[in-house]
Structure formats: C-alpha cells, structure tokens
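The data block below is input.cif; it holds mmCIF, C-alpha atoms.
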data_work
#
loop_
_atom_site.group_PDB
_atom_site.id
_atom_site.type_symbol
_atom_site.label_atom_id
_atom_site.label_comp_id
_atom_site.auth_asym_id
_atom_site.auth_seq_id
_atom_site.Cartn_x
_atom_site.Cartn_y
_atom_site.Cartn_z
ATOM 1 C CA MET S 4 19.213 -1.250 16.220
ATOM 2 C CA ASN S 5 16.162 -2.023 18.291
ATOM 3 C CA PRO S 6 15.973 -5.725 19.245
ATOM 4 C CA LEU S 7 12.198 -5.477 19.674
ATOM 5 C CA GLY S 8 11.910 -4.658 15.985
ATOM 6 C CA ALA S 9 14.837 -6.656 14.616
ATOM 7 C CA LEU S 10 14.056 -10.026 16.196
ATOM 8 C CA PRO S 11 10.415 -10.251 15.033
ATOM 9 C CA THR S 12 11.465 -9.076 11.571
ATOM 10 C CA ALA S 13 14.150 -11.753 11.374
ATOM 11 C CA LEU S 14 11.651 -14.374 12.521
ATOM 12 C CA ALA S 15 9.166 -13.166 9.901
ATOM 13 C CA TYR S 16 11.772 -13.563 7.134
ATOM 14 C CA VAL S 17 12.656 -17.066 8.281
ATOM 15 C CA LEU S 18 8.995 -18.093 8.381
ATOM 16 C CA TYR S 19 8.304 -16.454 5.007
ATOM 17 C CA TYR S 20 11.073 -18.330 3.199
ATOM 18 C CA ARG S 21 10.095 -21.543 4.919
ATOM 19 C CA ALA S 22 6.561 -21.057 3.601
ATOM 20 C CA VAL S 23 7.909 -20.401 0.102
ATOM 21 C CA SER S 24 9.837 -23.664 0.188
ATOM 22 C CA GLN S 25 6.832 -25.657 1.438
ATOM 23 C CA VAL S 26 3.833 -24.270 -0.486
ATOM 24 C CA GLY S 27 5.414 -22.396 -3.380
ATOM 25 C CA PRO S 28 5.774 -18.746 -4.275
ATOM 26 C CA ALA S 29 2.278 -18.205 -5.698
ATOM 27 C CA THR S 30 0.463 -19.350 -2.562
ATOM 28 C CA THR S 31 2.903 -17.490 -0.326
ATOM 29 C CA ALA S 32 2.395 -14.279 -2.323
ATOM 30 C CA ALA S 33 -1.367 -14.665 -1.981
ATOM 31 C CA ALA S 34 -0.953 -14.979 1.775
ATOM 32 C CA MET S 35 1.194 -11.830 1.866
ATOM 33 C CA PHE S 36 -1.619 -9.866 0.223
ATOM 34 C CA LEU S 37 -3.777 -10.720 3.244
ATOM 35 C CA VAL S 38 -1.471 -8.977 5.724
ATOM 36 C CA PRO S 39 -3.346 -5.615 5.546
ATOM 37 C CA ALA S 40 -6.695 -7.357 6.019
ATOM 38 C CA PHE S 41 -5.440 -9.170 9.111
ATOM 39 C CA GLY S 42 -3.870 -5.946 10.397
ATOM 40 C CA LEU S 43 -7.238 -4.250 10.005
ATOM 41 C CA SER S 44 -9.070 -6.990 11.876
ATOM 42 C CA CYS S 45 -6.467 -7.099 14.672
ATOM 43 C CA ALA S 46 -6.691 -3.305 15.110
ATOM 44 C CA TRP S 47 -10.485 -3.582 15.252
ATOM 45 C CA MET S 48 -10.442 -6.378 17.852
ATOM 46 C CA SER S 49 -7.586 -5.228 20.066
ATOM 47 C CA LEU S 50 -7.639 -1.434 19.763
ATOM 48 C CA GLY S 51 -11.289 -0.804 19.045
ATOM 49 C CA GLU S 52 -10.582 0.892 15.720
ATOM 50 C CA SER S 53 -13.537 1.602 13.492
ATOM 51 C CA ILE S 54 -13.737 -0.004 10.056
ATOM 52 C CA SER S 55 -15.180 1.978 7.170
ATOM 53 C CA LEU S 56 -17.150 0.439 4.337
ATOM 54 C CA THR S 57 -14.258 1.035 1.945
ATOM 55 C CA GLN S 58 -11.838 -0.805 4.235
ATOM 56 C CA ALA S 59 -14.227 -3.730 4.656
ATOM 57 C CA LEU S 60 -14.763 -3.987 0.892
ATOM 58 C CA GLY S 61 -11.006 -3.803 0.294
ATOM 59 C CA ALA S 62 -10.365 -6.571 2.813
ATOM 60 C CA ALA S 63 -13.091 -8.700 1.228
ATOM 61 C CA LEU S 64 -11.541 -8.192 -2.206
ATOM 62 C CA MET S 65 -8.154 -9.247 -0.817
ATOM 63 C CA PHE S 66 -9.638 -12.478 0.517
ATOM 64 C CA VAL S 67 -11.404 -13.178 -2.783
ATOM 65 C CA GLY S 68 -8.202 -12.480 -4.729
ATOM 66 C CA ALA S 69 -6.168 -14.776 -2.493
ATOM 67 C CA TRP S 70 -8.768 -17.509 -2.873
ATOM 68 C CA LEU S 71 -8.833 -17.139 -6.667
ATOM 69 C CA ASN S 72 -5.046 -17.262 -6.773
ATOM 70 C CA SER S 73 -4.681 -20.348 -4.589
ATOM 71 C CA ARG S 74 -7.517 -22.548 -5.857
ATOM 72 C CA ARG S 75 -6.643 -25.536 -7.958
ATOM 73 C CA ALA S 76 -8.094 -25.159 -11.421
ATOM 74 C CA ALA S 77 -7.961 -27.829 -14.083
ATOM 75 C CA PRO S 78 -5.269 -26.998 -16.631
ATOM 76 C CA ARG S 79 -6.571 -25.899 -19.990
ATOM 77 C CA GLU S 80 -5.260 -27.199 -23.276
ATOM 78 C CA ALA S 81 -3.257 -24.829 -25.395
ATOM 79 C CA THR S 82 -5.076 -23.565 -28.459
ATOM 80 C CA PRO S 83 -2.882 -23.752 -31.543
ATOM 81 C CA CYS S 84 -2.499 -20.601 -33.598
ATOM 82 C CA ARG S 85 -4.249 -20.492 -36.941
ATOM 83 C CA SER S 86 -1.721 -18.059 -38.336
ATOM 84 C CA ARG S 87 1.333 -16.221 -37.101
ATOM 85 C CA SER S 88 -0.529 -12.913 -36.924
ATOM 86 C CA THR S 89 -3.011 -14.259 -34.354
ATOM 87 C CA CYS S 90 -0.241 -15.408 -32.005
ATOM 88 C CA VAL S 91 2.157 -12.499 -32.261
ATOM 89 C CA PRO S 92 0.746 -8.973 -32.155
ATOM 90 C CA GLU S 93 1.536 -6.866 -35.200
ATOM 91 C CA VAL S 94 3.628 -4.459 -33.134
ATOM 92 C CA TRP S 95 6.031 -7.213 -32.105
ATOM 93 C CA MET S 96 6.203 -8.494 -35.683
ATOM 94 C CA ALA S 97 7.200 -4.984 -36.807
ATOM 95 C CA VAL S 98 9.844 -4.784 -34.066
ATOM 96 C CA GLY S 99 11.245 -8.148 -35.139
ATOM 97 C CA GLU S 100 11.413 -7.062 -38.767
ATOM 98 C CA ALA S 101 13.117 -3.789 -37.799
ATOM 99 C CA LEU S 102 15.724 -5.634 -35.751
ATOM 100 C CA ARG S 103 16.454 -8.018 -38.605
ATOM 101 C CA GLY S 104 17.208 -5.054 -40.798
#

Structure re-expressed in structure tokens:
Amino acid sequence: MNPLGALPTALAYVLYYRAVSQVGPATTAAAMFLVPAFGLSCAWMSLGESISLTQALGAALMFVGAWLNSRRAAPREATPCRSRSTCVPEVWMAVGEALRG
C-alpha cells in the first residue's frame, strides 16, 4: 500500500465525516458534488490545462446545484388531500388491493 495515497485518503475520510457531523449530510453531499469543479479549476491554474465550454458550463451547473441544495428556504405547509386518489397514484392503489387479496 502506498503511504502517499493512503494517508491523504484517510485524512479525507476523517474530514468528510467530521463535516457530516457538523453541517449535516445534505450540505456535505452538496460540497462533494463540487469536487470535479474544483479539480478542473486546480488543473487549469496549476497545470495550464485548457477548459472547454462544456466543462465550464458543467462546473457552473454544479455550483448552482450546490447553492440550490444548501440555501435555507421557508418550509411550506402540507396541502391536505381532497381524496385518496389524489394522494396515492392509481398504480399503488392497485398493488395494495392485489396484496390484500
């Protein structure tokens, strides 16, 4: 086992689970989706890699998705069902009836 690969990986796991315990799984998952975008920008800055339009748009979409996932929205009230058929799709009602016999 290569210690140059194993030690940073172990540190990454420790930091990841620490982040999960501090900010929650949803925010941590949003941050994990940004890893490719940061890898792209680091390769561009340090290695001089070129960035295509598709890559730039993909990275921008990742940032927008992470922002949408982590923003605090006001909770909405639950809308009560007017009838059972509007809450439960007909397919699931048929499955339930078939299971009941």

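Interatomic distance, CA of Ala32 in chain S to CA of Ala63 in chain S: 16.8 Å.
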
For Phe66 in chain S, the nearest of the candidates S:Pro28, S:Pro39, S:Pro6, S:Gly51, counting all atoms listed in the file: S:Pro39

Hits of the PyMOL selection byres ((chain S and resi 40) around 9) in this structure, as a PyMOL selection string: chain S and resi 36-39+41-45+58-59+61-63+65-66

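One distance worth recording is that between CA of Leu60 in chain S and CA of Arg74 in chain S, which is 21.0 Å.
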
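CA of Met35 in chain S is found 15.1 Å from CA of Leu14 in chain S.
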
Emit a file covering range 27-54 of chain S of the preceding structure with N, CA and C atoms, as a short mmCIF file (atom, residue, chain, number, x, y, z; two decimals), in the first residue's frame.
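So out_21.cif came out as:
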data_model
loop_
_atom_site.label_atom_id
_atom_site.label_comp_id
_atom_site.auth_asym_id
_atom_site.auth_seq_id
_atom_site.Cartn_x
_atom_site.Cartn_y
_atom_site.Cartn_z
N GLY S 27 -24.31 18.51 8.58
CA GLY S 27 -25.39 17.65 8.11
C GLY S 27 -25.06 17.00 6.78
N PRO S 28 -25.77 15.92 6.48
CA PRO S 28 -25.47 15.17 5.26
C PRO S 28 -25.85 15.89 3.97
N ALA S 29 -26.90 16.68 3.97
CA ALA S 29 -27.32 17.34 2.73
C ALA S 29 -26.29 18.37 2.28
N THR S 30 -25.81 19.19 3.20
CA THR S 30 -24.82 20.20 2.85
C THR S 30 -23.49 19.55 2.48
N THR S 31 -23.13 18.48 3.18
CA THR S 31 -21.89 17.78 2.87
C THR S 31 -21.96 17.14 1.49
N ALA S 32 -23.11 16.57 1.14
CA ALA S 32 -23.27 15.97 -0.18
C ALA S 32 -23.17 17.03 -1.27
N ALA S 33 -23.73 18.20 -1.01
CA ALA S 33 -23.64 19.29 -1.99
C ALA S 33 -22.18 19.70 -2.19
N ALA S 34 -21.42 19.71 -1.12
CA ALA S 34 -20.00 20.06 -1.23
C ALA S 34 -19.23 18.98 -2.01
N MET S 35 -19.62 17.72 -1.86
CA MET S 35 -18.94 16.66 -2.58
C MET S 35 -19.18 16.75 -4.08
N PHE S 36 -20.33 17.29 -4.49
CA PHE S 36 -20.60 17.46 -5.91
C PHE S 36 -19.70 18.52 -6.54
N LEU S 37 -19.08 19.35 -5.71
CA LEU S 37 -18.21 20.40 -6.23
C LEU S 37 -16.77 19.93 -6.45
N VAL S 38 -16.46 18.72 -6.03
CA VAL S 38 -15.09 18.22 -6.17
C VAL S 38 -14.62 18.25 -7.63
N PRO S 39 -15.39 17.79 -8.62
CA PRO S 39 -14.91 17.87 -10.01
C PRO S 39 -14.68 19.31 -10.48
N ALA S 40 -15.52 20.23 -10.04
CA ALA S 40 -15.35 21.63 -10.45
C ALA S 40 -14.05 22.20 -9.87
N PHE S 41 -13.76 21.88 -8.62
CA PHE S 41 -12.51 22.36 -8.04
C PHE S 41 -11.31 21.65 -8.65
N GLY S 42 -11.45 20.38 -9.01
CA GLY S 42 -10.37 19.68 -9.70
C GLY S 42 -10.08 20.31 -11.05
N LEU S 43 -11.14 20.70 -11.74
CA LEU S 43 -10.98 21.38 -13.03
C LEU S 43 -10.25 22.71 -12.87
N SER S 44 -10.65 23.48 -11.89
CA SER S 44 -10.01 24.79 -11.70
C SER S 44 -8.57 24.65 -11.22
N CYS S 45 -8.29 23.67 -10.38
CA CYS S 45 -6.90 23.45 -9.94
C CYS S 45 -6.01 22.99 -11.09
N ALA S 46 -6.54 22.13 -11.98
CA ALA S 46 -5.77 21.69 -13.14
C ALA S 46 -5.51 22.86 -14.09
N TRP S 47 -6.48 23.75 -14.21
CA TRP S 47 -6.31 24.93 -15.06
C TRP S 47 -5.25 25.87 -14.49
N MET S 48 -5.30 26.11 -13.17
CA MET S 48 -4.34 27.05 -12.57
C MET S 48 -2.94 26.47 -12.43
N SER S 49 -2.83 25.21 -12.02
CA SER S 49 -1.50 24.68 -11.73
C SER S 49 -0.85 23.98 -12.92
N LEU S 50 -1.63 23.36 -13.78
CA LEU S 50 -1.06 22.60 -14.89
C LEU S 50 -1.23 23.27 -16.24
N GLY S 51 -2.01 24.34 -16.28
CA GLY S 51 -2.23 25.02 -17.53
C GLY S 51 -3.18 24.29 -18.47
N GLU S 52 -4.03 23.44 -17.93
CA GLU S 52 -5.00 22.72 -18.75
C GLU S 52 -5.99 23.69 -19.37
N SER S 53 -6.47 23.32 -20.54
CA SER S 53 -7.50 24.16 -21.17
C SER S 53 -8.88 23.70 -20.71
N ILE S 54 -9.81 24.63 -20.64
CA ILE S 54 -11.17 24.34 -20.21
C ILE S 54 -12.10 24.59 -21.38
#
